[in-house]
Structures are given as structure tokens and as C-alpha cells.
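Enquirer: Got coords10.cif for you, mmCIF, C-alpha atoms:
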```cif
data_final
loop_
_atom_site.group_PDB
_atom_site.id
_atom_site.type_symbol
_atom_site.label_atom_id
_atom_site.label_comp_id
_atom_site.auth_asym_id
_atom_site.auth_seq_id
_atom_site.Cartn_x
_atom_site.Cartn_y
_atom_site.Cartn_z
ATOM 1 C CA MET A 1 -2.038 -15.563 -2.447
ATOM 2 C CA VAL A 2 -2.240 -11.854 -3.086
ATOM 3 C CA ILE A 3 -2.528 -9.449 -0.151
ATOM 4 C CA ILE A 4 -3.151 -5.751 -0.619
ATOM 5 C CA PHE A 5 -2.694 -3.268 2.210
ATOM 6 C CA ILE A 6 -4.487 0.053 1.816
ATOM 7 C CA GLY A 7 -4.628 2.918 4.257
ATOM 8 C CA PRO A 8 -3.332 6.414 4.863
ATOM 9 C CA PRO A 9 0.370 7.266 4.921
ATOM 10 C CA GLY A 10 1.767 6.327 8.326
ATOM 11 C CA SER A 11 -0.910 3.727 9.098
ATOM 12 C CA GLY A 12 1.640 0.931 9.530
ATOM 13 C CA LYS A 13 1.232 -0.875 6.219
ATOM 14 C CA GLY A 14 4.973 -1.277 5.668
ATOM 15 C CA THR A 15 5.612 -2.394 9.229
ATOM 16 C CA GLN A 16 2.825 -4.966 9.068
ATOM 17 C CA ALA A 17 3.951 -6.217 5.649
ATOM 18 C CA GLN A 18 7.462 -6.899 6.971
ATOM 19 C CA THR A 19 6.075 -8.482 10.149
ATOM 20 C CA LEU A 20 3.884 -10.823 8.091
ATOM 21 C CA LYS A 21 6.839 -11.837 5.934
ATOM 22 C CA ASP A 22 9.212 -12.300 8.883
ATOM 23 C CA ASN A 23 6.807 -14.326 11.014
ATOM 24 C CA LEU A 24 4.350 -16.188 8.786
ATOM 25 C CA LEU A 25 5.053 -15.989 5.060
ATOM 26 C CA PRO A 26 8.821 -16.075 4.397
ATOM 27 C CA ASN A 27 8.342 -16.429 0.617
ATOM 28 C CA LEU A 28 6.097 -13.375 0.409
ATOM 29 C CA HIS A 29 7.217 -10.761 -2.122
ATOM 30 C CA LEU A 30 6.735 -7.288 -0.654
ATOM 31 C CA LEU A 31 5.928 -4.714 -3.291
ATOM 32 C CA THR A 32 5.504 -1.084 -2.454
ATOM 33 C CA VAL A 33 4.337 1.236 -5.149
ATOM 34 C CA SER A 34 6.684 3.888 -3.794
ATOM 35 C CA SER A 35 9.732 1.582 -4.158
ATOM 36 C CA LEU A 36 8.681 0.524 -7.666
ATOM 37 C CA LEU A 37 8.207 4.178 -8.620
ATOM 38 C CA THR A 38 11.456 5.197 -6.915
ATOM 39 C CA GLU A 39 13.284 2.524 -8.889
ATOM 40 C CA LYS A 40 11.773 3.920 -12.083
ATOM 41 C CA SER A 41 12.498 7.523 -11.017
ATOM 42 C CA ASN A 42 16.199 6.737 -10.736
ATOM 43 C CA ASP A 43 16.601 5.251 -14.221
ATOM 44 C CA GLY A 44 17.377 8.640 -15.833
ATOM 45 C CA SER A 45 14.541 8.445 -18.353
ATOM 46 C CA VAL A 46 12.171 11.309 -19.092
ATOM 47 C CA LEU A 47 9.373 9.296 -17.463
ATOM 48 C CA GLY A 48 11.606 8.537 -14.475
ATOM 49 C CA ASN A 49 12.482 12.220 -14.025
ATOM 50 C CA ASN A 50 8.787 13.155 -14.213
ATOM 51 C CA ILE A 51 7.963 10.546 -11.561
ATOM 52 C CA LYS A 52 10.773 11.833 -9.325
ATOM 53 C CA LYS A 53 9.570 15.443 -9.539
ATOM 54 C CA ARG A 54 5.968 14.482 -8.694
ATOM 55 C CA MET A 55 7.061 12.257 -5.788
ATOM 56 C CA ASP A 56 9.282 14.991 -4.338
ATOM 57 C CA ASN A 57 6.302 17.354 -4.398
ATOM 58 C CA GLY A 58 4.009 14.800 -2.760
ATOM 59 C CA ASP A 59 1.810 14.550 -5.866
ATOM 60 C CA LEU A 60 0.150 11.360 -7.031
ATOM 61 C CA ILE A 61 1.598 9.653 -10.090
ATOM 62 C CA ASP A 62 -0.716 9.244 -13.093
ATOM 63 C CA ASP A 63 -2.849 6.122 -12.834
ATOM 64 C CA ASN A 64 -1.755 4.587 -16.130
ATOM 65 C CA ILE A 65 1.915 4.793 -15.095
ATOM 66 C CA VAL A 66 1.295 3.213 -11.687
ATOM 67 C CA ILE A 67 -0.896 0.465 -13.158
ATOM 68 C CA SER A 68 1.722 -0.335 -15.789
ATOM 69 C CA VAL A 69 4.581 -0.483 -13.269
ATOM 70 C CA VAL A 70 2.609 -2.711 -10.865
ATOM 71 C CA SER A 71 1.251 -4.965 -13.605
ATOM 72 C CA GLU A 72 4.703 -5.535 -15.083
ATOM 73 C CA LYS A 73 6.144 -6.499 -11.699
ATOM 74 C CA VAL A 74 3.250 -8.856 -10.885
ATOM 75 C CA GLU A 75 3.616 -10.599 -14.265
ATOM 76 C CA ASN A 76 7.328 -11.109 -13.601
ATOM 77 C CA LEU A 77 6.540 -12.782 -10.251
ATOM 78 C CA ASN A 78 4.400 -15.399 -12.012
ATOM 79 C CA ASN A 79 1.642 -15.901 -9.399
ATOM 80 C CA GLU A 80 3.926 -16.186 -6.363
ATOM 81 C CA GLN A 81 2.881 -14.913 -2.906
ATOM 82 C CA ILE A 82 2.613 -11.133 -3.191
ATOM 83 C CA LEU A 83 1.831 -8.312 -0.787
ATOM 84 C CA ILE A 84 1.292 -4.874 -2.280
ATOM 85 C CA ASP A 85 1.510 -1.810 -0.070
ATOM 86 C CA GLY A 86 0.251 1.505 -1.421
ATOM 87 C CA PHE A 87 -1.928 0.331 -4.287
ATOM 88 C CA PRO A 88 -4.549 1.217 -5.338
ATOM 89 C CA ARG A 89 -4.469 4.955 -4.697
ATOM 90 C CA SER A 90 -7.363 5.863 -6.978
ATOM 91 C CA SER A 91 -10.636 4.326 -8.124
ATOM 92 C CA ILE A 92 -9.112 3.828 -11.596
ATOM 93 C CA GLN A 93 -6.262 1.827 -10.048
ATOM 94 C CA ALA A 94 -8.783 -0.107 -7.950
ATOM 95 C CA GLU A 95 -10.732 -1.043 -11.078
ATOM 96 C CA SER A 96 -7.491 -2.340 -12.652
ATOM 97 C CA LEU A 97 -6.984 -4.963 -9.923
ATOM 98 C CA ASN A 98 -9.440 -7.323 -11.537
ATOM 99 C CA ASN A 99 -7.314 -7.361 -14.717
ATOM 100 C CA ILE A 100 -3.958 -7.548 -12.962
ATOM 101 C CA PHE A 101 -4.960 -10.427 -10.664
ATOM 102 C CA LYS A 102 -7.168 -12.499 -12.950
ATOM 103 C CA ASN A 103 -8.542 -15.557 -11.127
ATOM 104 C CA LEU A 104 -6.268 -15.133 -8.087
ATOM 105 C CA ASP A 105 -7.280 -15.075 -4.424
ATOM 106 C CA VAL A 106 -6.978 -11.405 -3.427
ATOM 107 C CA ASN A 107 -7.160 -10.297 0.224
ATOM 108 C CA ILE A 108 -7.574 -6.563 0.776
ATOM 109 C CA ILE A 109 -6.817 -5.151 4.220
ATOM 110 C CA ASN A 110 -7.922 -1.561 4.888
ATOM 111 C CA PHE A 111 -6.013 0.080 7.768
ATOM 112 C CA ILE A 112 -8.197 2.386 9.883
ATOM 113 C CA VAL A 113 -6.162 4.831 12.001
ATOM 114 C CA SER A 114 -7.080 8.081 13.761
ATOM 115 C CA ASP A 115 -5.597 11.331 12.452
ATOM 116 C CA GLU A 116 -3.907 11.929 15.816
ATOM 117 C CA GLN A 117 -2.189 8.537 15.710
ATOM 118 C CA LEU A 118 -1.119 9.095 12.093
ATOM 119 C CA LEU A 119 0.466 12.446 12.892
ATOM 120 C CA GLU A 120 2.315 10.967 15.878
ATOM 121 C CA ARG A 121 3.646 8.098 13.750
ATOM 122 C CA ILE A 122 4.761 10.388 10.919
ATOM 123 C CA LYS A 123 6.606 12.695 13.321
ATOM 124 C CA LYS A 124 8.398 9.699 14.833
ATOM 125 C CA ARG A 125 9.175 8.214 11.426
ATOM 126 C CA SER A 126 10.532 11.496 10.079
ATOM 127 C CA LEU A 127 12.964 11.681 13.007
ATOM 128 C CA GLU A 128 14.086 8.067 12.618
ATOM 129 C CA GLU A 129 14.135 7.675 8.834
ATOM 130 C CA SER A 130 14.061 11.249 7.442
ATOM 131 C CA ARG A 131 11.923 10.269 4.458
ATOM 132 C CA PRO A 132 11.472 13.121 1.971
ATOM 133 C CA ASP A 133 7.776 12.360 1.440
ATOM 134 C CA ASP A 134 7.077 12.912 5.151
ATOM 135 C CA SER A 135 7.797 16.633 4.677
ATOM 136 C CA VAL A 136 4.644 16.862 2.536
ATOM 137 C CA TYR A 137 2.620 14.590 4.795
ATOM 138 C CA GLU A 138 -0.428 16.828 5.228
ATOM 139 C CA LYS A 139 -0.755 17.145 1.463
ATOM 140 C CA ARG A 140 -0.472 13.364 1.046
ATOM 141 C CA LEU A 141 -3.089 12.739 3.757
ATOM 142 C CA GLY A 142 -5.464 15.225 2.126
ATOM 143 C CA ILE A 143 -5.116 13.472 -1.234
ATOM 144 C CA TYR A 144 -5.692 10.112 0.449
ATOM 145 C CA LYS A 145 -8.846 11.246 2.263
ATOM 146 C CA LYS A 146 -10.267 12.810 -0.876
ATOM 147 C CA SER A 147 -10.052 9.560 -2.862
ATOM 148 C CA HIS A 148 -10.423 6.828 -0.216
ATOM 149 C CA ASN A 149 -14.213 6.346 -0.338
ATOM 150 C CA ASP A 150 -14.163 6.076 -4.136
ATOM 151 C CA ILE A 151 -11.376 3.482 -3.893
ATOM 152 C CA ILE A 152 -13.310 1.406 -1.348
ATOM 153 C CA ASN A 153 -16.468 1.570 -3.493
ATOM 154 C CA SER A 154 -14.519 0.386 -6.557
ATOM 155 C CA LEU A 155 -12.852 -2.445 -4.632
ATOM 156 C CA ASN A 156 -16.168 -3.616 -3.176
ATOM 157 C CA LYS A 157 -17.417 -4.350 -6.697
ATOM 158 C CA TYR A 158 -15.007 -7.300 -6.980
ATOM 159 C CA TYR A 159 -13.576 -8.035 -3.535
ATOM 160 C CA GLU A 160 -14.319 -8.109 0.157
ATOM 161 C CA VAL A 161 -12.442 -5.279 1.839
ATOM 162 C CA ILE A 162 -11.433 -6.173 5.393
ATOM 163 C CA ASP A 163 -11.184 -3.237 7.803
ATOM 164 C CA ILE A 164 -8.501 -3.496 10.486
ATOM 165 C CA GLU A 165 -8.457 -1.051 13.400
ATOM 166 C CA ALA A 166 -4.753 -0.133 13.374
ATOM 167 C CA ASN A 167 -4.394 2.307 16.279
ATOM 168 C CA ASN A 168 -2.987 -0.389 18.595
ATOM 169 C CA GLU A 169 0.431 -1.907 19.210
ATOM 170 C CA ILE A 170 2.186 -3.585 16.284
ATOM 171 C CA SER A 171 1.779 -7.129 17.654
ATOM 172 C CA SER A 172 -1.944 -6.651 18.286
ATOM 173 C CA ILE A 173 -2.497 -5.422 14.731
ATOM 174 C CA SER A 174 -0.406 -8.310 13.359
ATOM 175 C CA LYS A 175 -2.575 -10.848 15.158
ATOM 176 C CA LYS A 176 -5.742 -9.250 13.738
ATOM 177 C CA ILE A 177 -4.359 -9.351 10.208
ATOM 178 C CA ALA A 178 -3.182 -12.956 10.509
ATOM 179 C CA GLY A 179 -6.608 -13.980 11.783
ATOM 180 C CA LYS A 180 -8.409 -12.233 8.927
ATOM 181 C CA LEU A 181 -6.103 -13.999 6.445
ATOM 182 C CA GLY A 182 -6.722 -17.378 8.063
ATOM 183 C CA LEU A 183 -3.135 -17.682 9.287
ATOM 184 C CA ASN A 184 -2.073 -18.855 12.757
ATOM 185 C CA TRP A 185 -0.103 -16.202 14.634
ATOM 186 C CA CYS A 186 2.774 -17.695 16.629
#
```
Written as C-alpha cells, that's how I'd like the structure from this file.
Expert:
Amino acid sequence: MVIIFIGPPGSGKGTQAQTLKDNLLPNLHLLTVSSLLTEKSNDGSVLGNNIKKRMDNGDLIDDNIVISVVSEKVENLNNEQILIDGFPRSSIQAESLNNIFKNLDVNIINFIVSDEQLLERIKKRSLEESRPDDSVYEKRLGIYKKSHNDIINSLNKYYEVIDIEANNEISSISKKIAGKLGLNWC
């Protein structure tokens, strides 16, 4: 099973991924593009340093680099249960899913959250976690909004994209996701 969570920064993708793993799918491998890129950005290579600079500025990483990093990790997991958070972030990345997940069952969950709720969550998260990318949140949200419709259109060519209203409490959202995935929420 492959699950992909897409949605704006601060929409709860990471929280819901961990909740799903903790409560329903203990063998689920959680992959976040940001953690894969952060890992690469800390390896001291020229590519890693370029990734680090772009991430610190809130810029998107080139599609071919992201696709390569994700594809390599997925291959290494050898068709195990996977949840990817933060991919695809462009229509080019969305088109690559069909090649990365050949003949696998792919479930795409699209988190729908109001701008007001997103801003509230990011402010809270920045106080609790002090993530450097939260300081460039408005830039990241603008980039997301600019590309989101193209991403959804690309995904719809190959997959059913399931919209989840994610303005509610964590447990309510978790139940919705579990239901859409055909899993029984405890």
C-alpha cells in the first residue's frame, strides 16, 4: 500500500501520518520529502549544499532532484507499506508517480484547510518546534497555491485524488482518512 498526503504547509499531513502509523499501520514507512532532502543537504556535497541553501530560503528544490531522491528511497523499501508526505509538489513530480509506483495501489489524500486555520497552526508550530521553514511560511504557501491545481490535474490522469476537509480536530480528520483508506478506526 502506498499513501500520499498532499496539502499546504501546516495542513496536518505530518500529524496525520504519525497518527495513522501509531494507530493502524505500525509497519508503515513514513517518508517526508523534507526529511529526505534534509538528509541529503547535510551530506556536505555540492548538491547537498545547494539543497540546503534553497530550503533555508523557502524555495522549491528542482523536480529532477526530488524525483531522484524519492525514487531511490522507494526502491530501497522494496514495495513495503509507504506513506509519503510532501510529494508531489509540482505537476512534473506528479507525472513521475506513475513510474515510481508501477503497478502498486496508490491512495492520494488531498488535505483541504482554510488559510486562517493554516496560519493559526503555523504560528503554534513555530512556537513549539521553531522550524526554520516556518519563517518563510507565506512564501511557501504562495508557491503551493500557484502549483496546486496543476498538480491535482496531473494526478487525476492516473489516480483518484481523495479530498479530506482538514479544518477539524486531529481525531476527526484521522477517522475520515481511515475510512477513505478502507481501514477501521479504533
Enquirer: Write out as a compact mmCIF listing (two decimals) with C-alpha atoms, in the coordinates of the input which residues come within 12 Å of range 22-33 of chain A when counting all atoms listed in the file, dropping same-chain ones fewer than 5 positions away.
Expert:
```
# COMPACT_ATOMS: atom_id res chain seq x y z
CA MET A 1 -2.04 -15.56 -2.45
CA VAL A 2 -2.24 -11.85 -3.09
CA ILE A 3 -2.53 -9.45 -0.15
CA ILE A 4 -3.15 -5.75 -0.62
CA PHE A 5 -2.69 -3.27 2.21
CA ILE A 6 -4.49 0.05 1.82
CA LYS A 13 1.23 -0.88 6.22
CA GLY A 14 4.97 -1.28 5.67
CA THR A 15 5.61 -2.39 9.23
CA GLN A 16 2.82 -4.97 9.07
CA ALA A 17 3.95 -6.22 5.65
CA THR A 38 11.46 5.20 -6.92
CA GLU A 39 13.28 2.52 -8.89
CA LYS A 40 11.77 3.92 -12.08
CA SER A 41 12.50 7.52 -11.02
CA ILE A 51 7.96 10.55 -11.56
CA MET A 55 7.06 12.26 -5.79
CA LEU A 60 0.15 11.36 -7.03
CA ILE A 61 1.60 9.65 -10.09
CA ASP A 63 -2.85 6.12 -12.83
CA ILE A 65 1.92 4.79 -15.10
CA VAL A 66 1.30 3.21 -11.69
CA ILE A 67 -0.90 0.46 -13.16
CA SER A 68 1.72 -0.34 -15.79
CA VAL A 69 4.58 -0.48 -13.27
CA VAL A 70 2.61 -2.71 -10.86
CA SER A 71 1.25 -4.96 -13.60
CA GLU A 72 4.70 -5.54 -15.08
CA LYS A 73 6.14 -6.50 -11.70
CA VAL A 74 3.25 -8.86 -10.88
CA ASN A 76 7.33 -11.11 -13.60
CA LEU A 77 6.54 -12.78 -10.25
CA ASN A 78 4.40 -15.40 -12.01
CA ASN A 79 1.64 -15.90 -9.40
CA GLU A 80 3.93 -16.19 -6.36
CA GLN A 81 2.88 -14.91 -2.91
CA ILE A 82 2.61 -11.13 -3.19
CA LEU A 83 1.83 -8.31 -0.79
CA ILE A 84 1.29 -4.87 -2.28
CA ASP A 85 1.51 -1.81 -0.07
CA GLY A 86 0.25 1.50 -1.42
CA PHE A 87 -1.93 0.33 -4.29
CA PRO A 88 -4.55 1.22 -5.34
CA ARG A 89 -4.47 4.96 -4.70
CA GLN A 93 -6.26 1.83 -10.05
CA SER A 171 1.78 -7.13 17.65
CA SER A 174 -0.41 -8.31 13.36
CA LYS A 175 -2.58 -10.85 15.16
CA ILE A 177 -4.36 -9.35 10.21
CA ALA A 178 -3.18 -12.96 10.51
CA GLY A 179 -6.61 -13.98 11.78
CA LEU A 181 -6.10 -14.00 6.44
CA GLY A 182 -6.72 -17.38 8.06
CA LEU A 183 -3.14 -17.68 9.29
CA ASN A 184 -2.07 -18.86 12.76
CA TRP A 185 -0.10 -16.20 14.63
CA CYS A 186 2.77 -17.70 16.63
```
Enquirer: Rounded to one decimal place, report the CA of Asp150 in chain A-CA of Glu95 in chain A distance in Å.
Expert: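 One can read the CA of Asp150 in chain A to CA of Glu95 in chain A distance as 10.5 Å.
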Enquirer: For the atom pair CA of Glu160 in chain A and CA of Ser147 in chain A, what is the interatomic distance in Å to one decimal place?
Expert: 18.4 Å
Enquirer: Report as a list in words the full result of the PyMOL selection byres ((chain A and resi 145) around 12) when it is applied to this structure.
Expert: Gly7, Pro8, Pro9, Arg89, Ser90, Ile112, Val113, Asp115, Glu138, Lys139, Arg140, Leu141, Gly142, Ile143, Tyr144, Lys146, Ser147, His148, Asn149, Asp150, Ile151 and Ile152 of chain A
Enquirer: From the options A:Gln117, A:Lys124, A:Ser91, A:Lys180, which residue's atoms come nearest to Asn167 in chain A, counting only C-alpha atoms?
Expert: A:Gln117
Enquirer: In Å, rounded to a single decimal, give me how far CA of Thr19 in chain A is from CA of Lys176 in chain A.
Expert: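 Distance reported for this atom pair: 12.4 Å.
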Enquirer: Between A:Val46, A:Ile164, A:Ser11, A:Tyr159, which residue has the minimum interatomic distance to Glu116 in chain A, considering only C-alpha atoms?
Expert: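 Between A:Val46, A:Ile164, A:Ser11, A:Tyr159, the residue approaching Glu116 in chain A most closely is A:Ser11.
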Enquirer: Taking all atoms listed in the file into account, name the residue in A:Lys102, A:Glu128, A:Asn156, A:Ser96 that is nearest to Asn64 in chain A.
Expert: A:Ser96
Enquirer: Which of these residues is nearest to Gln18 in chain A, using all atoms listed in the file: A:Leu97, A:Ile109, A:Ile170, A:Leu36?
Expert: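 For Gln18 in chain A, the nearest of the given residues is A:Ile170.
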